[in-house]
Amino acid sequence: MAGAVMLYDRLRWEEKELMKAAERRGFELRTVDVKSLVLAPGRSIAMELGPLVLQRCMSHYRGLYISALLEASGVRVINSFKTTRLCGDKLLTSIELYKAGIPTPRFAVAFTAESALKAIESLGLPAVLKPIVGSHGRLVSLVDDLSLAKALLEHEEAMGNGLHRVHYIQEYVPKPSRDIRAVVVGEEVVASIYRYAPEGEWRTNVAVGGRAEPCKLTGEAEELALKAAKVVGGEVVGVDLMEGRDGLLVNEVNPTVEFKGASQATGVDVAGKVIEYLEEVAKR
Amino acid sequence: MKVKCPECGGDIPVPDDVVVGEIVSCPDCGQEYEVYELGPEGPKIRQAEVAAEDWGE
């Protein structure tokens, strides 16, 4: 019987739900810890893991490189290497959205603290500084004065990692204290929620205490979420939308989507939908 | 089920339906562990990785 392997490095609520959903549906989902693997491209890795892999690593780089290696060995990976590469990097995601004409907040990139300050001035205050790789709102900063921006940029430059010297600056979008998370599986939005920022916080990430509430998507929002997923080749992704003054904007697309908030707030069996999708792909 | 915390000696509760890869934490000292093997002598644990910069969704 056709099944799949789920690669992980840390079992979150989501991965455990996927295991339970697979069991309920009688779909063989073998879990493999990437931390235990030694990988070289070729037939042996394809034999060991089989033709279909659901990549659910919490570490972006582990997920990224293993996807590249698996695809080179003929394994079908969900999400694809391309999707993980584009979505794991906020700058590349923004560029891809821009290319496709999908409304997204204005952004700029600068390679020194000095030029980043100029970029902030040109986008206007307040502005958002984001690491290009990272999640859960970590180190995402809202800057509303230039001296604070300067201090933050100097800290980033001192962090040593070259990626921190690629400064991604995004306009701050005035919006209600919430955003919209649409979970896309295949060609369908299976669940959508509002994520409300907690008291005293501007970020809406569930990881910083954001509250999830069910959200009925408008046709426009649904279309936009599906389009955003499509331009990055996403099969199982979380699309974050903002309600700007002039309409909806796509902020980010998350390639290893966490759907605990969405499942619990909407009652939708997101894990079941993902397994259903794997079943379909396995049959092809 | 319970396992001894290698850090502080406290009792870490482990659910009966535990699976390999699951994270358990010591109620006494807060240290997180990953269950890496399920054997006849009970689950084996090792220190869980701490969140890294590239972790997320």
# chains A, B, ... in the order shown; residues from 1 in each chain; ligands from 1
$ residues_around --residues "region 32-38 of chain B" --least-positions-apart "3" --cutoff "6 Å" --atoms "only C-alpha atoms" --output "MDAnalysis selection string"
chainID B and resid 20:25 42:48
$ write_last_selection --atoms "C-alpha atoms" --output "PDB file, in the first residue's frame"
ATOM      1  CA  VAL B  20       9.292   8.406  19.748  1.00  0.00           C
ATOM      2  CA  GLY B  21      10.184  12.040  19.247  1.00  0.00           C
ATOM      3  CA  GLU B  22       7.755  13.331  21.834  1.00  0.00           C
ATOM      4  CA  ILE B  23       8.954  16.074  24.157  1.00  0.00           C
ATOM      5  CA  VAL B  24       8.457  15.667  27.897  1.00  0.00           C
ATOM      6  CA  SER B  25       9.502  18.116  30.550  1.00  0.00           C
ATOM      7  CA  GLY B  42      10.508   2.115  29.465  1.00  0.00           C
ATOM      8  CA  PRO B  43      11.084   5.215  27.399  1.00  0.00           C
ATOM      9  CA  LYS B  44      14.617   6.497  26.960  1.00  0.00           C
ATOM     10  CA  ILE B  45      15.103  10.226  27.019  1.00  0.00           C
ATOM     11  CA  ARG B  46      17.778  12.683  26.033  1.00  0.00           C
ATOM     12  CA  GLN B  47      18.005  16.426  26.401  1.00  0.00           C
ATOM     13  CA  ALA B  48      15.805  18.152  23.813  1.00  0.00           C
TER      14      ALA B  48
END
$ closest_atom_pairs --of "chain B" --to "chain A" --cutoff "7 Å" --atoms "only C-alpha atoms" --output "Markdown table"
| residue | atom | partner | partner_atom | distance |
| --- | --- | --- | --- | --- |
| B:Gly21 | CA | A:Leu11 | CA | 5.6 |
| B:Glu22 | CA | A:Leu11 | CA | 5.5 |
| B:Glu53 | CA | A:Gly134 | CA | 6.1 |
| B:Asp54 | CA | A:Gly134 | CA | 5.0 |
| B:Trp55 | CA | A:Ser59 | CA | 4.4 |
| B:Gly56 | CA | A:Ser135 | CA | 4.7 |
| B:Glu57 | CA | A:Thr256 | CA | 4.4 |
$ residues_around --residues "region 146-163 of chain A" --least-positions-apart "2" --cutoff "10 Å" --atoms "only C-alpha atoms" --output "VMD selection string"
chain A and resid 111 to 114 116 to 118 120 to 121 125 to 129 131 to 133 139 141 to 144 165 to 167
$ write_last_selection --atoms "C-alpha atoms" --output "mmCIF file, in the first residue's frame"
data_model
loop_
_atom_site.group_PDB
_atom_site.id
_atom_site.type_symbol
_atom_site.label_atom_id
_atom_site.label_comp_id
_atom_site.auth_asym_id
_atom_site.auth_seq_id
_atom_site.Cartn_x
_atom_site.Cartn_y
_atom_site.Cartn_z
ATOM 1 C CA PHE A 111 23.169 45.637 3.093
ATOM 2 C CA THR A 112 24.603 48.002 5.674
ATOM 3 C CA ALA A 113 23.151 49.649 8.756
ATOM 4 C CA GLU A 114 23.643 53.033 7.138
ATOM 5 C CA ALA A 116 19.080 50.423 6.062
ATOM 6 C CA LEU A 117 18.450 53.688 7.911
ATOM 7 C CA LYS A 118 17.935 55.419 4.582
ATOM 8 C CA ILE A 120 13.577 53.147 6.756
ATOM 9 C CA GLU A 121 13.377 56.879 6.092
ATOM 10 C CA LEU A 125 8.135 55.535 10.177
ATOM 11 C CA PRO A 126 6.987 53.364 11.762
ATOM 12 C CA ALA A 127 8.641 50.532 9.858
ATOM 13 C CA VAL A 128 9.160 46.851 10.494
ATOM 14 C CA LEU A 129 12.600 45.252 10.657
ATOM 15 C CA PRO A 131 15.272 38.838 10.005
ATOM 16 C CA ILE A 132 14.933 37.205 6.588
ATOM 17 C CA VAL A 133 14.998 33.756 8.148
ATOM 18 C CA LEU A 139 13.455 39.582 16.408
ATOM 19 C CA SER A 141 10.807 44.802 15.445
ATOM 20 C CA LEU A 142 8.497 47.717 15.002
ATOM 21 C CA VAL A 143 10.632 50.858 14.900
ATOM 22 C CA ASP A 144 9.091 54.250 15.312
ATOM 23 C CA ARG A 165 23.532 41.957 7.556
ATOM 24 C CA VAL A 166 20.852 41.600 4.937
ATOM 25 C CA HIS A 167 18.394 44.098 6.316
#
$ atom_distance --atom1 "CA of Leu52 (chain A)" --atom2 "CA of Ala68 (chain A)"
13.7 Å
$ atom_distance --atom1 "CA of Pro198 (chain A)" --atom2 "CA of Asp246 (chain A)"
24.6 Å
$ atom_distance --atom1 "CA of Ala110 (chain A)" --atom2 "CA of Gln170 (chain A)"
11.3 Å
$ select_by_dssp --residues "chain B" --states "strand (DSSP E or B)" --output "list in words"
Lys2, Val3, Lys4, Asp11, Ile12, Pro13, Ile23, Val24, Ser25, Glu32, Tyr33, Glu34, Val35, Tyr36, Glu37, Leu38, Gly39, Gly42, Pro43, Lys44, Ile45, Arg46, Gln47 and Trp55 of chain B
$ write_last_selection --atoms "N, CA and C atoms" --output "PDB file, in the first residue's frame"
ATOM      1  N   LYS B   2       6.539   6.955  34.495  1.00  0.00           N
ATOM      2  CA  LYS B   2       7.420   8.038  34.946  1.00  0.00           C
ATOM      3  C   LYS B   2       8.865   7.692  34.615  1.00  0.00           C
ATOM      4  N   VAL B   3       9.645   8.718  34.278  1.00  0.00           N
ATOM      5  CA  VAL B   3      11.097   8.496  34.148  1.00  0.00           C
ATOM      6  C   VAL B   3      11.809   9.508  35.047  1.00  0.00           C
ATOM      7  N   LYS B   4      13.001   9.112  35.455  1.00  0.00           N
ATOM      8  CA  LYS B   4      13.790   9.993  36.343  1.00  0.00           C
ATOM      9  C   LYS B   4      14.451  11.096  35.529  1.00  0.00           C
ATOM     10  N   ASP B  11      10.607  13.247  39.114  1.00  0.00           N
ATOM     11  CA  ASP B  11       9.828  12.281  38.332  1.00  0.00           C
ATOM     12  C   ASP B  11       9.167  12.975  37.158  1.00  0.00           C
ATOM     13  N   ILE B  12       9.496  12.537  35.943  1.00  0.00           N
ATOM     14  CA  ILE B  12       8.885  13.135  34.750  1.00  0.00           C
ATOM     15  C   ILE B  12       7.736  12.251  34.299  1.00  0.00           C
ATOM     16  N   PRO B  13       6.516  12.782  34.293  1.00  0.00           N
ATOM     17  CA  PRO B  13       5.398  11.959  33.826  1.00  0.00           C
ATOM     18  C   PRO B  13       5.456  11.784  32.305  1.00  0.00           C
ATOM     19  N   ILE B  23       8.223  15.273  23.178  1.00  0.00           N
ATOM     20  CA  ILE B  23       8.954  16.074  24.157  1.00  0.00           C
ATOM     21  C   ILE B  23       8.248  15.982  25.508  1.00  0.00           C
ATOM     22  N   VAL B  24       9.017  15.664  26.540  1.00  0.00           N
ATOM     23  CA  VAL B  24       8.457  15.667  27.897  1.00  0.00           C
ATOM     24  C   VAL B  24       9.290  16.643  28.731  1.00  0.00           C
ATOM     25  N   SER B  25       8.683  17.208  29.747  1.00  0.00           N
ATOM     26  CA  SER B  25       9.502  18.116  30.550  1.00  0.00           C
ATOM     27  C   SER B  25       9.373  17.796  32.024  1.00  0.00           C
ATOM     28  N   GLU B  32      13.654  20.151  29.341  1.00  0.00           N
ATOM     29  CA  GLU B  32      12.887  19.411  28.324  1.00  0.00           C
ATOM     30  C   GLU B  32      13.695  18.239  27.778  1.00  0.00           C
ATOM     31  N   TYR B  33      13.019  17.134  27.596  1.00  0.00           N
ATOM     32  CA  TYR B  33      13.670  15.934  27.049  1.00  0.00           C
ATOM     33  C   TYR B  33      12.892  15.401  25.859  1.00  0.00           C
ATOM     34  N   GLU B  34      13.624  14.738  24.984  1.00  0.00           N
ATOM     35  CA  GLU B  34      13.011  14.097  23.833  1.00  0.00           C
ATOM     36  C   GLU B  34      13.051  12.591  24.073  1.00  0.00           C
ATOM     37  N   VAL B  35      11.923  11.932  23.876  1.00  0.00           N
ATOM     38  CA  VAL B  35      11.897  10.471  23.973  1.00  0.00           C
ATOM     39  C   VAL B  35      12.494   9.922  22.682  1.00  0.00           C
ATOM     40  N   TYR B  36      13.597   9.173  22.787  1.00  0.00           N
ATOM     41  CA  TYR B  36      14.233   8.718  21.546  1.00  0.00           C
ATOM     42  C   TYR B  36      14.113   7.227  21.307  1.00  0.00           C
ATOM     43  N   GLU B  37      13.661   6.496  22.308  1.00  0.00           N
ATOM     44  CA  GLU B  37      13.512   5.056  22.123  1.00  0.00           C
ATOM     45  C   GLU B  37      12.465   4.546  23.101  1.00  0.00           C
ATOM     46  N   LEU B  38      11.704   3.565  22.658  1.00  0.00           N
ATOM     47  CA  LEU B  38      10.753   2.929  23.567  1.00  0.00           C
ATOM     48  C   LEU B  38      11.191   1.484  23.724  1.00  0.00           C
ATOM     49  N   GLY B  39      11.666   1.141  24.888  1.00  0.00           N
ATOM     50  CA  GLY B  39      12.162  -0.222  25.092  1.00  0.00           C
ATOM     51  C   GLY B  39      11.398  -0.906  26.196  1.00  0.00           C
ATOM     52  N   GLY B  42      11.160   0.810  29.448  1.00  0.00           N
ATOM     53  CA  GLY B  42      10.508   2.115  29.465  1.00  0.00           C
ATOM     54  C   GLY B  42      11.149   3.064  28.470  1.00  0.00           C
ATOM     55  N   PRO B  43      10.581   4.266  28.392  1.00  0.00           N
ATOM     56  CA  PRO B  43      11.084   5.215  27.399  1.00  0.00           C
ATOM     57  C   PRO B  43      12.479   5.733  27.767  1.00  0.00           C
ATOM     58  N   LYS B  44      13.305   5.897  26.736  1.00  0.00           N
ATOM     59  CA  LYS B  44      14.617   6.497  26.960  1.00  0.00           C
ATOM     60  C   LYS B  44      14.564   7.945  26.515  1.00  0.00           C
ATOM     61  N   ILE B  45      15.174   8.796  27.322  1.00  0.00           N
ATOM     62  CA  ILE B  45      15.103  10.226  27.019  1.00  0.00           C
ATOM     63  C   ILE B  45      16.495  10.833  26.876  1.00  0.00           C
ATOM     64  N   ARG B  46      16.548  11.896  26.110  1.00  0.00           N
ATOM     65  CA  ARG B  46      17.778  12.683  26.033  1.00  0.00           C
ATOM     66  C   ARG B  46      17.378  14.159  26.009  1.00  0.00           C
ATOM     67  N   GLN B  47      18.332  15.010  26.321  1.00  0.00           N
ATOM     68  CA  GLN B  47      18.005  16.426  26.401  1.00  0.00           C
ATOM     69  C   GLN B  47      17.479  16.922  25.050  1.00  0.00           C
ATOM     70  N   TRP B  55      14.314  28.079  13.674  1.00  0.00           N
ATOM     71  CA  TRP B  55      13.149  27.248  13.997  1.00  0.00           C
ATOM     72  C   TRP B  55      11.873  28.004  13.724  1.00  0.00           C
TER      73      TRP B  55
END
$ select_by_dssp --residues "region 60-283 of chain A" --states "helix (DSSP H, G or I)" --output "PyMOL selection string"
chain A and resi 60-72+81-87+90-99+113-123+146-158+162-165+206-208+219-231+260-266+270-283
$ residues_around --residues "Gln55 (chain A)" --least-positions-apart "4" --cutoff "7 Å" --atoms "only C-alpha atoms" --output "compact mmCIF listing (two decimals) with N, CA and C atoms, in the first residue's frame"
# COMPACT_ATOMS: atom_id res chain seq x y z
N MET A 6 6.96 10.90 7.16
CA MET A 6 6.96 12.27 7.68
C MET A 6 8.31 12.51 8.36
N LEU A 7 9.03 13.49 7.84
CA LEU A 7 10.32 13.85 8.43
C LEU A 7 10.10 14.93 9.47
N TYR A 8 10.77 14.77 10.61
CA TYR A 8 10.62 15.77 11.67
C TYR A 8 11.94 15.90 12.40
N GLY A 63 15.23 21.31 6.94
CA GLY A 63 14.17 21.02 5.98
C GLY A 63 14.57 21.37 4.57
N VAL A 77 8.78 15.53 -2.51
CA VAL A 77 8.75 16.13 -1.18
C VAL A 77 7.66 17.20 -1.11
N ILE A 78 6.91 17.16 -0.04
CA ILE A 78 5.87 18.17 0.23
C ILE A 78 6.23 18.88 1.52
N ASN A 79 6.42 20.18 1.51
CA ASN A 79 6.49 21.06 0.34
C ASN A 79 7.80 20.87 -0.41
$ residues_around --residues "Ser263 (chain A)" --least-positions-apart "4" --cutoff "12 Å" --atoms "only C-alpha atoms" --output "ChimeraX atom specification"
/A:13-14,17-18,181-183,190-193,212-215,257-259,267-273
$ write_last_selection --atoms "N, CA and C atoms" --output "mmCIF file, in the first residue's frame"
data_model
loop_
_atom_site.group_PDB
_atom_site.id
_atom_site.type_symbol
_atom_site.label_atom_id
_atom_site.label_comp_id
_atom_site.auth_asym_id
_atom_site.auth_seq_id
_atom_site.Cartn_x
_atom_site.Cartn_y
_atom_site.Cartn_z
ATOM 1 N N TRP A 13 2.672 19.500 18.331
ATOM 2 C CA TRP A 13 1.257 19.110 18.354
ATOM 3 C C TRP A 13 0.831 18.697 16.944
ATOM 4 N N GLU A 14 1.259 19.472 15.962
ATOM 5 C CA GLU A 14 0.854 19.237 14.570
ATOM 6 C C GLU A 14 1.286 17.860 14.070
ATOM 7 N N GLU A 17 -0.741 15.159 15.633
ATOM 8 C CA GLU A 17 -2.076 15.120 15.024
ATOM 9 C C GLU A 17 -2.025 14.440 13.650
ATOM 10 N N LEU A 18 -0.964 14.715 12.901
ATOM 11 C CA LEU A 18 -0.828 14.084 11.582
ATOM 12 C C LEU A 18 -0.708 12.571 11.735
ATOM 13 N N ARG A 181 -4.844 34.162 9.112
ATOM 14 C CA ARG A 181 -4.030 33.022 8.710
ATOM 15 C C ARG A 181 -4.937 32.066 7.943
ATOM 16 N N ALA A 182 -4.579 31.811 6.695
ATOM 17 C CA ALA A 182 -5.349 30.855 5.893
ATOM 18 C C ALA A 182 -4.483 29.629 5.669
ATOM 19 N N VAL A 183 -4.982 28.476 6.079
ATOM 20 C CA VAL A 183 -4.230 27.239 5.884
ATOM 21 C C VAL A 183 -4.651 26.631 4.550
ATOM 22 N N VAL A 190 -8.386 25.208 3.791
ATOM 23 C CA VAL A 190 -9.140 24.274 4.632
ATOM 24 C C VAL A 190 -9.584 24.898 5.950
ATOM 25 N N ALA A 191 -8.858 25.923 6.399
ATOM 26 C CA ALA A 191 -9.247 26.592 7.652
ATOM 27 C C ALA A 191 -8.677 27.994 7.639
ATOM 28 N N SER A 192 -9.396 28.910 8.257
ATOM 29 C CA SER A 192 -8.843 30.261 8.364
ATOM 30 C C SER A 192 -9.233 30.874 9.694
ATOM 31 N N ILE A 193 -8.300 31.628 10.233
ATOM 32 C CA ILE A 193 -8.515 32.245 11.543
ATOM 33 C C ILE A 193 -8.043 33.693 11.527
ATOM 34 N N ALA A 212 -6.393 32.986 18.653
ATOM 35 C CA ALA A 212 -6.988 32.573 17.384
ATOM 36 C C ALA A 212 -8.504 32.572 17.473
ATOM 37 N N GLU A 213 -9.150 33.136 16.459
ATOM 38 C CA GLU A 213 -10.607 33.055 16.374
ATOM 39 C C GLU A 213 -10.996 32.705 14.954
ATOM 40 N N PRO A 214 -12.083 31.958 14.793
ATOM 41 C CA PRO A 214 -12.450 31.556 13.434
ATOM 42 C C PRO A 214 -12.705 32.771 12.541
ATOM 43 N N CYS A 215 -12.410 32.643 11.283
ATOM 44 C CA CYS A 215 -12.592 33.744 10.346
ATOM 45 C C CYS A 215 -13.223 33.177 9.088
ATOM 46 N N VAL A 257 3.641 24.867 8.018
ATOM 47 C CA VAL A 257 2.589 25.573 8.760
ATOM 48 C C VAL A 257 2.204 24.875 10.072
ATOM 49 N N GLU A 258 2.120 25.695 11.107
ATOM 50 C CA GLU A 258 1.601 25.220 12.395
ATOM 51 C C GLU A 258 0.106 25.527 12.389
ATOM 52 N N PHE A 259 -0.693 24.515 12.692
ATOM 53 C CA PHE A 259 -2.139 24.713 12.541
ATOM 54 C C PHE A 259 -2.928 24.387 13.801
ATOM 55 N N GLY A 267 -12.364 24.044 14.586
ATOM 56 C CA GLY A 267 -12.865 22.676 14.670
ATOM 57 C C GLY A 267 -12.598 21.861 13.418
ATOM 58 N N VAL A 268 -11.854 22.435 12.491
ATOM 59 C CA VAL A 268 -11.530 21.708 11.253
ATOM 60 C C VAL A 268 -10.377 20.738 11.526
ATOM 61 N N ASP A 269 -10.513 19.535 11.020
ATOM 62 C CA ASP A 269 -9.458 18.534 11.167
ATOM 63 C C ASP A 269 -8.397 18.797 10.080
ATOM 64 N N VAL A 270 -7.541 19.790 10.350
ATOM 65 C CA VAL A 270 -6.536 20.178 9.352
ATOM 66 C C VAL A 270 -5.586 19.005 9.065
ATOM 67 N N ALA A 271 -5.199 18.306 10.136
ATOM 68 C CA ALA A 271 -4.282 17.175 9.955
ATOM 69 C C ALA A 271 -4.907 16.143 9.010
ATOM 70 N N GLY A 272 -6.205 15.882 9.201
ATOM 71 C CA GLY A 272 -6.915 14.933 8.342
ATOM 72 C C GLY A 272 -6.895 15.374 6.884
ATOM 73 N N LYS A 273 -7.039 16.683 6.682
ATOM 74 C CA LYS A 273 -7.015 17.234 5.312
ATOM 75 C C LYS A 273 -5.637 17.031 4.680
#
